[in-house]
file final_3.txt (compact mmCIF, C-alpha atoms and all ligand atoms)
# COMPACT_ATOMS: atom_id res chain seq x y z
CA VAL A 1189 87.65 84.66 103.71
CA ILE A 1190 90.65 84.63 106.07
CA GLU A 1191 90.52 81.88 108.66
CA GLN A 1192 92.71 79.15 110.05
CA GLY A 1193 91.46 75.82 108.66
CA VAL A 1194 89.25 77.34 105.97
CA LEU A 1195 90.83 74.99 103.40
CA SER A 1196 88.32 72.41 104.61
CA ARG A 1197 85.57 74.57 103.10
CA LEU A 1198 87.26 74.94 99.71
CA GLU A 1199 85.09 72.30 98.08
CA ARG A 1200 81.92 74.13 99.03
CA HIS A 1201 83.14 77.41 97.55
CA VAL A 1202 84.32 75.70 94.36
CA THR A 1203 81.09 73.75 93.98
CA GLU A 1204 79.01 76.92 94.30
CA ALA A 1205 81.14 78.65 91.65
CA LEU A 1206 81.42 75.65 89.36
CA GLY A 1207 77.88 74.77 88.34
CA ASP A 1208 78.02 72.08 85.67
CA GLY A 1209 81.51 73.02 84.48
CA ARG A 1210 84.90 71.44 85.05
CA LEU A 1211 87.62 72.58 87.39
CA PHE A 1212 91.16 73.50 86.24
CA VAL A 1213 93.54 73.74 89.19
CA VAL A 1214 96.84 75.60 88.69
CA TYR A 1215 99.39 74.98 91.46
CA ASP A 1216 102.72 76.61 92.24
CA ALA A 1217 105.39 73.85 92.17
CA ASN A 1218 106.78 74.42 95.69
CA LEU A 1219 103.30 74.70 97.12
CA PHE A 1220 102.23 71.50 95.37
CA ALA A 1221 105.19 69.60 96.79
CA LEU A 1222 104.35 70.76 100.32
CA HIS A 1223 100.56 70.97 100.35
CA GLY A 1224 99.28 69.43 97.09
CA ARG A 1225 97.83 66.43 98.86
CA ALA A 1226 96.03 68.58 101.41
CA VAL A 1227 94.40 70.63 98.64
CA GLN A 1228 93.50 67.48 96.69
CA HIS A 1229 92.02 66.01 99.86
CA ALA A 1230 89.97 69.19 100.36
CA LEU A 1231 88.59 68.72 96.82
CA ARG A 1232 88.18 64.95 97.02
CA ARG A 1233 84.43 64.80 96.30
CA ILE A 1234 84.78 66.76 93.06
CA ARG A 1235 88.08 65.24 91.94
CA GLY A 1236 86.35 63.63 88.98
CA LYS A 1237 85.71 67.11 87.59
CA ALA A 1238 89.23 68.42 88.24
CA ILE A 1239 92.26 68.64 85.94
CA GLU A 1240 95.53 69.82 87.45
CA LEU A 1241 98.62 71.69 86.29
CA VAL A 1242 101.76 72.49 88.29
CA ILE A 1243 103.66 75.58 87.14
CA PRO A 1244 107.28 76.48 87.98
CA SER A 1245 107.91 78.67 91.02
CA GLY A 1246 109.51 82.09 91.18
CA GLU A 1247 109.14 85.66 90.00
CA HIS A 1248 111.37 85.01 86.99
CA ARG A 1249 108.77 82.48 85.81
CA LYS A 1250 105.94 85.04 85.81
CA ASN A 1251 106.39 85.44 82.08
CA ALA A 1252 104.97 84.69 78.65
CA SER A 1253 106.57 81.26 78.48
CA THR A 1254 104.83 80.03 81.67
CA LEU A 1255 101.61 81.68 80.51
CA LYS A 1256 101.85 79.75 77.22
CA GLY A 1257 102.13 76.55 79.27
CA VAL A 1258 98.91 77.45 81.09
CA TYR A 1259 97.10 78.32 77.83
CA ASP A 1260 98.27 75.02 76.26
CA PHE A 1261 97.02 73.09 79.30
CA LEU A 1262 93.61 74.80 79.21
CA LEU A 1263 93.13 74.51 75.45
CA ASP A 1264 94.47 70.94 75.17
CA ASN A 1265 91.83 70.02 77.75
CA LYS A 1266 89.16 71.92 75.79
CA ILE A 1267 88.27 74.47 78.42
CA ALA A 1268 84.76 75.94 78.01
CA ARG A 1269 83.25 79.24 79.14
CA ASP A 1270 81.40 77.64 82.06
CA ASP A 1271 84.51 75.93 83.45
CA PHE A 1272 86.35 77.33 86.45
CA ILE A 1273 90.04 77.97 87.16
CA LEU A 1274 91.45 77.68 90.68
CA ALA A 1275 94.86 79.20 91.46
CA CYS A 1276 96.79 77.74 94.41
CA GLY A 1277 100.04 79.43 95.34
CA GLY A 1278 101.59 82.83 95.98
CA GLY A 1279 101.18 86.13 94.16
CA VAL A 1280 102.97 84.82 91.09
CA THR A 1281 100.52 81.94 90.60
CA GLY A 1282 97.51 84.16 91.32
CA ASP A 1283 98.65 86.87 88.91
CA LEU A 1284 99.48 84.42 86.14
CA ALA A 1285 96.53 82.00 86.47
CA GLY A 1286 94.23 85.01 86.94
CA PHE A 1287 95.52 86.55 83.72
CA ALA A 1288 95.01 83.25 81.91
CA ALA A 1289 91.44 83.19 83.29
CA ALA A 1290 90.88 86.79 82.15
CA THR A 1291 92.02 86.15 78.60
CA ILE A 1292 91.21 82.54 77.71
CA LEU A 1293 87.96 82.41 75.67
CA ARG A 1294 87.66 86.14 76.57
CA GLY A 1295 87.23 85.34 80.24
CA VAL A 1296 86.52 82.31 82.42
CA SER A 1297 85.62 82.55 86.14
CA TRP A 1298 88.31 81.82 88.66
CA GLY A 1299 89.02 81.59 92.36
CA VAL A 1300 92.19 81.73 94.39
CA VAL A 1301 93.71 80.02 97.41
CA PRO A 1302 96.68 82.25 98.23
CA THR A 1303 99.39 80.48 100.19
CA THR A 1304 101.91 83.26 100.96
CA VAL A 1305 101.63 86.41 103.06
CA ILE A 1306 101.74 88.61 99.94
CA GLY A 1307 99.15 86.46 98.24
CA MET A 1308 96.77 86.70 101.19
CA ALA A 1309 97.34 90.28 102.29
CA ASP A 1310 97.63 91.90 98.91
CA ALA A 1311 97.94 90.12 95.56
CA SER A 1312 94.61 88.24 95.61
CA ILE A 1313 92.61 91.38 96.35
CA GLY A 1314 91.53 93.93 93.80
CA GLY A 1315 91.40 91.86 90.64
CA LYS A 1316 94.74 92.87 89.13
CA THR A 1317 96.25 89.99 87.19
CA GLY A 1318 99.26 89.92 84.91
CA LEU A 1319 102.83 89.04 84.08
CA ASN A 1320 106.22 90.61 83.65
CA HIS A 1321 107.92 91.64 80.41
CA SER A 1322 111.67 92.03 79.98
CA LEU A 1323 111.03 95.79 79.84
CA GLY A 1324 109.27 95.95 83.20
CA LYS A 1325 107.17 94.37 85.92
CA ASN A 1326 103.46 93.66 85.44
CA LEU A 1327 103.46 95.48 82.10
CA ILE A 1328 100.92 93.03 80.68
CA GLY A 1329 97.73 92.54 82.65
CA ALA A 1330 94.01 92.75 83.08
CA PHE A 1331 91.48 93.51 85.79
CA TRP A 1332 89.62 90.25 86.40
CA ALA A 1333 88.22 89.70 89.87
CA PRO A 1334 88.13 86.17 91.32
CA SER A 1335 84.82 84.72 92.52
CA PHE A 1336 86.38 84.00 95.92
CA VAL A 1337 89.64 84.37 97.83
CA LEU A 1338 90.14 81.73 100.50
CA CYS A 1339 93.07 82.39 102.85
CA ASP A 1340 94.15 79.69 105.28
CA PRO A 1341 97.07 80.99 107.37
CA GLY A 1342 97.99 77.34 108.06
CA PHE A 1343 99.85 77.37 104.73
CA LEU A 1344 102.31 79.89 106.18
CA SER A 1345 103.84 77.27 108.50
CA THR A 1346 106.07 76.17 105.62
CA LEU A 1347 106.80 79.59 104.15
CA PRO A 1348 110.54 80.41 104.41
CA LYS A 1349 111.36 83.29 106.72
CA ARG A 1350 112.63 85.37 103.83
CA HIS A 1351 109.17 85.26 102.26
CA LEU A 1352 107.55 86.17 105.58
CA VAL A 1353 109.72 89.31 105.69
CA SER A 1354 108.84 90.00 102.07
CA GLY A 1355 105.15 89.68 102.93
CA LEU A 1356 105.62 92.00 105.85
CA GLY A 1357 106.83 94.57 103.30
CA GLU A 1358 103.34 94.87 101.79
CA ILE A 1359 101.74 94.87 105.25
CA ILE A 1360 104.09 97.66 106.37
CA LYS A 1361 103.20 99.59 103.22
CA CYS A 1362 99.54 99.34 104.18
CA ALA A 1363 100.34 100.41 107.75
CA GLY A 1364 101.90 103.61 106.39
CA LEU A 1365 98.70 104.35 104.50
CA ALA A 1366 96.41 103.32 107.37
CA GLY A 1367 98.11 104.95 110.37
CA ALA A 1368 99.10 104.43 114.00
CA GLY A 1369 97.21 101.22 115.03
CA ALA A 1370 98.50 99.30 112.03
CA ILE A 1371 102.05 100.47 112.79
CA ASP A 1372 101.79 98.98 116.32
CA ARG A 1373 100.78 95.62 114.87
CA CYS A 1374 103.71 95.61 112.42
CA GLU A 1375 106.18 96.41 115.19
CA GLN A 1376 104.84 93.45 117.20
CA LEU A 1377 105.02 91.13 114.21
CA LEU A 1378 108.60 92.18 113.47
CA ASP A 1379 109.51 91.30 117.08
CA ARG A 1380 108.53 87.68 116.40
CA ILE A 1381 108.73 87.27 112.67
CA ASP A 1382 109.12 83.48 112.89
CA SER A 1383 105.88 83.17 114.79
CA ILE A 1384 103.16 80.64 114.25
CA PRO A 1385 100.71 81.23 111.38
CA THR A 1386 97.89 82.35 113.67
CA ALA A 1387 99.94 85.46 114.61
CA TRP A 1388 99.75 86.53 110.98
CA GLU A 1389 96.00 86.16 110.70
CA GLU A 1390 95.04 89.55 112.12
CA PRO A 1391 97.73 91.66 110.36
CA ILE A 1392 96.80 89.95 107.08
CA ARG A 1393 93.11 90.60 107.70
CA GLN A 1394 93.76 94.28 108.44
CA ALA A 1395 95.92 94.82 105.37
CA ALA A 1396 93.47 92.92 103.17
CA ALA A 1397 90.53 94.89 104.57
CA TYR A 1398 92.30 98.19 103.95
CA LYS A 1399 93.05 97.25 100.35
CA ALA A 1400 89.55 95.85 99.79
CA ALA A 1401 88.01 99.09 101.05
CA ILE A 1402 90.10 101.17 98.66
CA VAL A 1403 89.70 99.00 95.58
CA SER A 1404 85.98 98.54 96.02
CA ARG A 1405 85.65 102.32 95.69
CA ASP A 1406 88.19 102.66 92.87
CA GLU A 1407 88.48 99.38 91.03
CA LEU A 1408 90.23 100.72 87.94
CA GLU A 1409 92.76 102.98 89.70
CA THR A 1410 91.42 106.33 88.60
CA GLY A 1411 91.63 107.78 92.12
CA LYS A 1412 92.63 106.60 95.59
CA ARG A 1413 93.76 103.15 94.47
CA VAL A 1414 96.96 104.81 93.33
CA TRP A 1415 97.87 105.18 97.04
CA LEU A 1416 98.48 101.44 97.08
CA ASN A 1417 101.47 102.12 94.84
CA PHE A 1418 103.22 103.70 97.85
CA GLY A 1419 106.84 102.47 97.64
CA HIS A 1420 106.20 100.70 94.34
CA THR A 1421 107.51 103.33 91.89
CA PHE A 1422 110.97 102.89 93.40
CA GLY A 1423 110.28 99.29 94.44
CA HIS A 1424 109.45 97.91 91.00
CA ALA A 1425 112.58 99.57 89.60
CA VAL A 1426 114.72 98.13 92.42
CA GLU A 1427 113.25 94.67 91.79
CA MET A 1428 114.01 94.93 88.08
CA ALA A 1429 117.48 96.47 88.55
CA ALA A 1430 118.47 93.67 90.95
CA GLY A 1431 117.18 91.05 88.47
CA TYR A 1432 113.83 89.30 89.00
CA GLY A 1433 114.04 86.83 91.89
CA ARG A 1434 117.32 88.29 93.26
CA LEU A 1435 115.32 90.52 95.56
CA LEU A 1436 111.82 89.37 96.45
CA HIS A 1437 108.88 91.62 95.64
CA GLY A 1438 108.20 92.66 99.23
CA GLU A 1439 111.91 93.22 99.86
CA ALA A 1440 112.05 95.59 96.90
CA VAL A 1441 108.87 97.28 98.20
CA LEU A 1442 110.56 97.85 101.57
CA LEU A 1443 113.50 99.53 99.83
CA GLY A 1444 111.00 101.49 97.74
CA LEU A 1445 109.18 102.61 100.89
CA LEU A 1446 112.43 103.88 102.38
CA ALA A 1447 113.25 105.77 99.15
CA ALA A 1448 109.73 107.28 99.12
CA LEU A 1449 110.11 108.35 102.76
CA GLU A 1450 113.44 109.95 101.84
CA LEU A 1451 111.82 111.74 98.92
CA GLY A 1452 109.03 112.89 101.24
CA ARG A 1453 111.65 114.65 103.35
CA GLU A 1454 112.09 117.01 100.39
CA MET A 1455 108.51 118.18 101.15
CA ALA A 1456 108.55 118.67 104.89
CA PRO A 1457 110.44 117.52 108.02
CA ALA A 1458 109.11 114.33 109.60
CA GLY A 1459 106.87 114.43 112.68
CA LYS A 1460 106.97 111.91 115.53
CA LEU A 1461 104.75 109.22 113.99
CA LEU A 1462 106.46 109.46 110.62
CA THR A 1463 109.84 109.06 112.31
CA ARG A 1464 108.55 105.97 114.13
CA TYR A 1465 107.22 104.58 110.86
CA THR A 1466 110.57 105.23 109.13
CA GLU A 1467 112.30 103.30 111.95
CA LEU A 1468 109.91 100.40 111.38
CA VAL A 1469 110.75 100.33 107.66
CA LYS A 1470 114.47 100.50 108.45
CA ARG A 1471 114.19 97.59 110.90
CA ALA A 1472 112.66 95.48 108.16
CA VAL A 1473 115.26 96.65 105.59
CA ARG A 1474 117.99 95.28 107.89
CA LEU A 1475 116.54 91.80 107.29
CA ILE A 1476 116.87 92.02 103.50
CA PRO A 1477 119.85 90.18 102.01
CA LYS A 1478 122.43 92.42 100.37
CA ARG A 1479 122.37 92.81 96.60
CA ARG A 1480 124.42 95.10 94.40
CA LEU A 1481 122.32 98.09 93.37
CA ASP A 1482 123.37 101.45 92.01
CA SER A 1483 121.21 104.50 91.61
CA GLU A 1484 121.82 104.90 87.86
CA THR A 1485 120.52 101.41 87.10
CA VAL A 1486 117.49 101.92 89.34
CA LEU A 1487 116.75 105.31 87.73
CA ALA A 1488 117.07 103.75 84.27
CA SER A 1489 114.67 100.96 85.33
CA MET A 1490 112.18 103.52 86.61
CA ALA A 1491 112.23 105.26 83.24
CA LEU A 1492 111.84 101.94 81.42
CA ASP A 1493 109.09 100.70 83.68
CA LYS A 1494 106.89 103.74 83.31
CA LYS A 1495 108.18 105.00 79.94
CA ARG A 1496 109.06 108.33 81.50
CA GLN A 1497 112.04 109.93 83.18
CA ALA A 1498 112.15 109.39 86.96
CA ALA A 1499 111.70 113.14 87.55
CA ASP A 1500 108.43 113.19 85.55
CA LEU A 1501 106.79 110.44 87.60
CA ARG A 1502 104.07 110.76 90.22
CA TYR A 1503 105.04 109.53 93.67
CA VAL A 1504 102.84 108.44 96.56
CA LEU A 1505 104.38 109.97 99.69
CA LEU A 1506 103.29 110.34 103.29
CA ARG A 1507 102.51 113.66 104.88
CA ARG A 1508 102.26 111.48 107.97
CA PRO A 1509 101.12 107.84 108.46
CA GLY A 1510 97.46 107.68 107.47
CA ARG A 1511 97.78 110.76 105.22
CA PRO A 1512 99.15 109.74 101.80
CA VAL A 1513 99.64 112.37 99.10
CA VAL A 1514 100.44 112.08 95.41
CA ARG A 1515 103.22 114.41 94.28
CA SER A 1516 104.95 115.08 90.98
CA GLY A 1517 107.32 117.72 89.66
CA PHE A 1518 110.42 116.64 91.56
CA ARG A 1519 113.79 117.47 90.04
CA HIS A 1520 115.98 114.61 88.84
CA ARG A 1521 118.59 115.46 91.46
CA GLN A 1522 115.98 115.24 94.26
CA VAL A 1523 114.83 111.78 93.16
CA LYS A 1524 118.43 110.64 92.81
CA ALA A 1525 119.39 112.04 96.22
CA ALA A 1526 116.47 110.22 97.89
CA LEU A 1527 117.45 107.00 96.15
CA ASN A 1528 121.08 107.40 97.19
CA ARG A 1529 120.14 107.96 100.83
CA MET A 1530 118.09 104.76 100.76
CA LEU A 1531 120.92 102.84 99.05
CA ARG A 1532 123.48 104.08 101.57
CA PHE A 1533 121.32 102.82 104.45
CA TYR A 1534 120.78 99.47 102.71
CA GLU A 1535 124.51 99.07 101.97
CA ALA A 1536 125.42 99.85 105.56
CA HIS A 1537 122.69 97.85 107.31
CA GLY A 1538 121.08 95.39 104.88
CA GLY A 1539 121.66 91.67 105.39
CA LYS A 1540 122.04 91.97 109.14
CA GLY A 1541 119.11 89.68 109.86
CA ASP A 1542 119.30 85.92 109.52
CA THR A 1543 116.88 85.38 106.68
CA HIS A 1544 118.80 82.50 105.12
CA SER A 1545 118.18 79.97 107.83
CA ARG A 1546 115.57 78.30 105.68
CA ASN A 1547 115.68 77.81 101.93
CA PRO A 1548 114.18 80.88 100.19
CA ARG A 1549 113.04 78.66 97.29
CA THR A 1550 112.89 81.36 94.65
N1 LIG A 1601 97.89 91.51 91.72
C1 LIG A 1601 98.23 92.32 92.68
O1 LIG A 1601 97.49 93.23 93.06
C2 LIG A 1601 99.56 92.12 93.37
C3 LIG A 1601 99.82 92.78 94.58
C4 LIG A 1601 101.03 92.53 95.24
C5 LIG A 1601 101.94 91.65 94.68
N2 LIG A 1601 101.66 91.05 93.50
C6 LIG A 1601 102.61 90.11 92.89
O2 LIG A 1601 102.80 89.02 93.75
C7 LIG A 1601 104.08 88.46 93.50
C8 LIG A 1601 104.78 88.19 94.81
O3 LIG A 1601 104.01 87.30 95.54
P1 LIG A 1601 104.66 86.17 96.46
O4 LIG A 1601 105.63 86.76 97.38
O5 LIG A 1601 103.56 85.35 96.97
O6 LIG A 1601 105.55 85.35 95.40
P2 LIG A 1601 105.51 83.85 94.90
O7 LIG A 1601 104.22 83.49 94.31
O8 LIG A 1601 106.73 83.71 94.04
O9 LIG A 1601 105.70 82.98 96.22
C9 LIG A 1601 106.86 83.10 96.98
C10 LIG A 1601 107.57 81.75 97.15
O10 LIG A 1601 106.88 80.96 98.08
C11 LIG A 1601 106.65 79.65 97.57
N3 LIG A 1601 105.44 79.21 98.26
C12 LIG A 1601 104.15 79.55 98.01
N4 LIG A 1601 103.37 79.10 99.00
C13 LIG A 1601 104.17 78.47 99.88
C14 LIG A 1601 103.95 77.82 101.12
N5 LIG A 1601 102.75 77.79 101.69
N6 LIG A 1601 105.01 77.26 101.76
C15 LIG A 1601 106.26 77.34 101.22
N7 LIG A 1601 106.54 77.96 100.07
C16 LIG A 1601 105.50 78.52 99.41
C17 LIG A 1601 106.62 79.85 96.09
O11 LIG A 1601 106.96 78.67 95.41
C18 LIG A 1601 107.68 80.92 95.89
O12 LIG A 1601 108.95 80.34 95.84
C19 LIG A 1601 104.82 89.46 92.62
O13 LIG A 1601 104.86 88.98 91.30
C20 LIG A 1601 103.97 90.71 92.69
O14 LIG A 1601 104.05 91.49 91.54
C21 LIG A 1601 100.49 91.26 92.85
call {"tool": "encode", "arguments": {"input": "final_3.txt", "output": "structure tokens"}}
result
Amino acid sequence: VIEQGVLSRLERHVTEALGDGRLFVVYDANLFALHGRAVQHALRRIRGKAIELVIPSGEHRKNASTLKGVYDFLLDNKIARDDFILACGGGVTGDLAGFAAATILRGVSWGVVPTTVIGMADASIGGKTGLNHSLGKNLIGAFWAPSFVLCDPGFLSTLPKRHLVSGLGEIIKCAGLAGAGAIDRCEQLLDRIDSIPTAWEEPIRQAAAYKAAIVSRDELETGKRVWLNFGHTFGHAVEMAAGYGRLLHGEAVLLGLLAALELGREMAPAGKLLTRYTELVKRAVRLIPKRRLDSETVLASMALDKKRQAADLRYVLLRRPGRPVVRSGFRHRQVKAALNRMLRFYEAHGGKGDTHSRNPRT
């Protein structure tokens, strides 16, 4: 459900899912400080059944140590199979609390209230849960679908601009897969990135609907779901090479999209729509703060992440927006050249947007 003010219906959704069990609420720390009371108020009639935990914020905390904290909290409070876990926060909280739900007592039901653009448009959909390992992103995980996903764009009023841009990264990825109409919407959103939460509602709904349509046909990623990795083969490696939290997930995805578009140029020259889409990605890349990145470190991270050399990987590329293709068999020098072209653009133009005006809180 994606709707302004839908938080007021949270209690109803939880009550339906809960039955006679107890409720374990896992909050992101920043979100709790800003909106904890509002969520507690929304759950006021079932507060007697609720036990709460606040976990530390940030990508670098999406790890085994935070997960242990969640397990300890659940087990200390004697969680049972018919209890219910509610995750409140961004993609990190959803991934981590969802993984805890998937694995504790071999699986307890859960629901999610995503509070960031990435959480709403992407991370809460499709049932992928997990955490990072020092050898790579999301290397530990499980498919475990939540009973509900309740998105209230009102939460976005407090999201720092940098995280809005990061969220736009995943929406722009989806636009590349979906085609022309979605590209229009992204261009408009980029024109007024600071805009009120309601402006985000429709782009989030479109991206979420696109992903939901794909994953409901291919839940376990044996076919078309792999398209959703567009930009992520490079992006995950960029995120890791920069150091978790130094570049946000969606920022790394934007750089990954640009690298994938550059690699696609090895296949065929770009048509008009693809050129327009590449310009959109570049506009967003300009807003990403500068970080030191070199192609050797990124290539090494790609090999680590997927346990293969970069040249042996499969890449999701665009023939044109709306027409993704999966390609492999590139030469190492082609992958490296694409990466270098992306890095040169980022070095020359990154950090030109004012994304530091509000605290990025990572
Ligand atoms: N499971 C999936 O399919 C999937 C898909 C895409 C991304 N992801 C994962 O999602 C994560 C990125 O998600 P994210 O960008 O939401 O990161 P995040 O959870 O770290 O949230 C971003 C920041 O916003 C803060 N925050 C959350 N809600 C807020 C609010 N309403 N107001 C102010 N601050 C708020 C958080 O404390 C954090 O500092 C990555 O770990 C990525 O791997 C998962």
call {"tool": "closest_residue", "arguments": {"input": "final_3.txt", "among": "A:Asn1417, A:Gln1376, A:Thr1203, A:Ser1297", "to": "ligand LIG 1601 (chain A)", "atoms": "all atoms listed in the file"}}
result
A:Asn1417
call {"tool": "residues_near_ligand", "arguments": {"input": "final_3.txt", "ligand": "ligand LIG 1601 (chain A)", "cutoff": "8 Å", "atoms": "all atoms listed in the file", "output": "JSON, numbers by chain"}}
result
{"A": [1216, 1217, 1218, 1219, 1222, 1223, 1244, 1245, 1246, 1247, 1250, 1277, 1278, 1279, 1280, 1281, 1282, 1283, 1302, 1303, 1304, 1305, 1306, 1307, 1310, 1311, 1312, 1313, 1314, 1315, 1316, 1317, 1318, 1319, 1320, 1325, 1326, 1342, 1343, 1344, 1345, 1346, 1347, 1348, 1351, 1354, 1355, 1358, 1436, 1437, 1438, 1548, 1549, 1550]}
call {"tool": "closest_residue", "arguments": {"input": "final_3.txt", "among": "A:His1420, A:Gly1324, A:Lys1478, A:Ala1333", "to": "Val1403 of chain A", "atoms": "all atoms listed in the file"}}
result
A:Ala1333
call {"tool": "closest_residue", "arguments": {"input": "final_3.txt", "among": "A:Gly1364, A:Gly1431, A:Gly1510, A:Gly1459", "to": "Ser1322 of chain A", "atoms": "only C-alpha atoms"}}
result
A:Gly1431
call {"tool": "residues_around", "arguments": {"input": "final_3.txt", "residues": "Ala1448 of chain A", "least_positions_apart": "3", "cutoff": "7 Å", "atoms": "all atoms listed in the file", "output": "VMD selection string"}}
result
chain A and resid 1419 1444 to 1445 1451 to 1452 1505
call {"tool": "closest_residue", "arguments": {"input": "final_3.txt", "among": "A:Gln1522, A:Glu1191, A:Ala1458, A:Arg1235", "to": "Ala1387 of chain A", "atoms": "only C-alpha atoms"}}
result
A:Glu1191
call {"tool": "residues_around", "arguments": {"input": "final_3.txt", "residues": "Gln1394 of chain A", "least_positions_apart": "5", "cutoff": "12 Å", "atoms": "all atoms listed in the file", "output": "list in words"}}
result
Ile1190, Met1308, Ala1309, Asp1310, Glu1358, Ile1359, Ile1360, Cys1362, Ala1363, Leu1365, Ala1366, Gly1367, Gly1369, Ala1370, Ile1371, Arg1373, Cys1374, Trp1388, Glu1389, Lys1399, Ala1400 and Ala1401 of chain A
call {"tool": "residues_around", "arguments": {"input": "final_3.txt", "residues": "Asp1482 of chain A", "least_positions_apart": "6", "cutoff": "9 Å", "atoms": "all atoms listed in the file", "output": "PyMOL selection string"}}
result
chain A and resi 1429+1528+1531
call {"tool": "residues_around", "arguments": {"input": "final_3.txt", "residues": "Leu1211 of chain A", "least_positions_apart": "6", "cutoff": "6 Å", "atoms": "all atoms listed in the file", "output": "ChimeraX atom specification"}}
result
/A:1237-1238,1272-1273
call {"tool": "atom_distance", "arguments": {"input": "final_3.txt", "atom1": "atom CA of Val1189 of chain A", "atom2": "atom CA of Cys1339 of chain A"}}
result
5.9 Å
call {"tool": "closest_residue", "arguments": {"input": "final_3.txt", "among": "A:Arg1393, A:Arg1471, A:Arg1479, A:Arg1511", "to": "Trp1415 of chain A", "atoms": "all atoms listed in the file"}}
result
A:Arg1511
call {"tool": "atom_distance", "arguments": {"input": "final_3.txt", "atom1": "atom CA of Pro1385 of chain A", "atom2": "atom CA of Gln1192 of chain A"}}
result
8.4 Å
call {"tool": "closest_residue", "arguments": {"input": "final_3.txt", "among": "A:Ala1425, A:Ala1499, A:Val1513, A:Met1530", "to": "Arg1413 of chain A", "atoms": "only C-alpha atoms"}}
result
A:Val1513
call {"tool": "atom_distance", "arguments": {"input": "final_3.txt", "atom1": "atom CA of Glu1484 of chain A", "atom2": "atom CA of Phe1422 of chain A"}}
result
12.3 Å
call {"tool": "residues_around", "arguments": {"input": "final_3.txt", "residues": "Arg1464 of chain A", "least_positions_apart": "3", "cutoff": "10 Å", "atoms": "only C-alpha atoms", "output": "list in words"}}
result
Ala1368, Ile1371, Asp1372, Glu1375, Ala1458, Gly1459, Lys1460, Leu1461, Glu1467, Leu1468, Val1469, Lys1470 and Pro1509 of chain A
call {"tool": "axis_aligned_box", "arguments": {"input": "final_3.txt", "around": "segment 1405-1420 of chain A", "padding_each_side": "8 Å", "output": "AutoDock Vina command-line options"}}
result
--center_x 96.2 --center_y 103.6 --center_z 92.9 --size_x 37.2 --size_y 24.4 --size_z 25.9
call {"tool": "decode", "arguments": {"input": "final_3.txt", "residues": "segment 1434-1438 of chain A", "atoms": "all heavy atoms", "output": "compact mmCIF listing (two decimals), in the first residue's frame"}}
result
# COMPACT_ATOMS: atom_id res chain seq x y z
N ARG A 1434 30.25 5.26 2.67
CA ARG A 1434 30.94 6.43 2.08
C ARG A 1434 30.15 6.91 0.86
O ARG A 1434 30.00 8.10 0.64
CB ARG A 1434 32.37 6.07 1.68
CG ARG A 1434 33.21 5.59 2.83
CD ARG A 1434 34.16 6.64 3.37
NE ARG A 1434 34.94 7.25 2.34
CZ ARG A 1434 35.23 8.55 2.31
NH1 ARG A 1434 34.78 9.36 3.23
NH2 ARG A 1434 35.98 9.04 1.35
N LEU A 1435 29.72 5.96 0.05
CA LEU A 1435 28.74 6.28 -0.99
C LEU A 1435 27.46 5.54 -0.63
O LEU A 1435 27.52 4.37 -0.22
CB LEU A 1435 29.22 5.81 -2.37
CG LEU A 1435 30.22 6.70 -3.11
CD1 LEU A 1435 30.66 6.05 -4.41
CD2 LEU A 1435 29.63 8.09 -3.40
N LEU A 1436 26.33 6.20 -0.77
CA LEU A 1436 25.07 5.53 -0.44
C LEU A 1436 24.73 4.52 -1.54
O LEU A 1436 25.22 4.63 -2.67
CB LEU A 1436 23.95 6.57 -0.32
CG LEU A 1436 24.20 7.67 0.72
CD1 LEU A 1436 23.04 8.67 0.72
CD2 LEU A 1436 24.38 7.06 2.10
N HIS A 1437 23.84 3.58 -1.19
CA HIS A 1437 23.53 2.51 -2.13
C HIS A 1437 23.06 3.06 -3.48
O HIS A 1437 23.58 2.68 -4.53
CB HIS A 1437 22.47 1.59 -1.52
CG HIS A 1437 22.06 0.48 -2.43
ND1 HIS A 1437 22.91 -0.56 -2.75
CD2 HIS A 1437 20.92 0.25 -3.11
CE1 HIS A 1437 22.30 -1.37 -3.60
NE2 HIS A 1437 21.09 -0.91 -3.82
N GLY A 1438 22.09 3.96 -3.44
CA GLY A 1438 21.54 4.49 -4.70
C GLY A 1438 22.56 5.33 -5.47
O GLY A 1438 22.50 5.40 -6.70
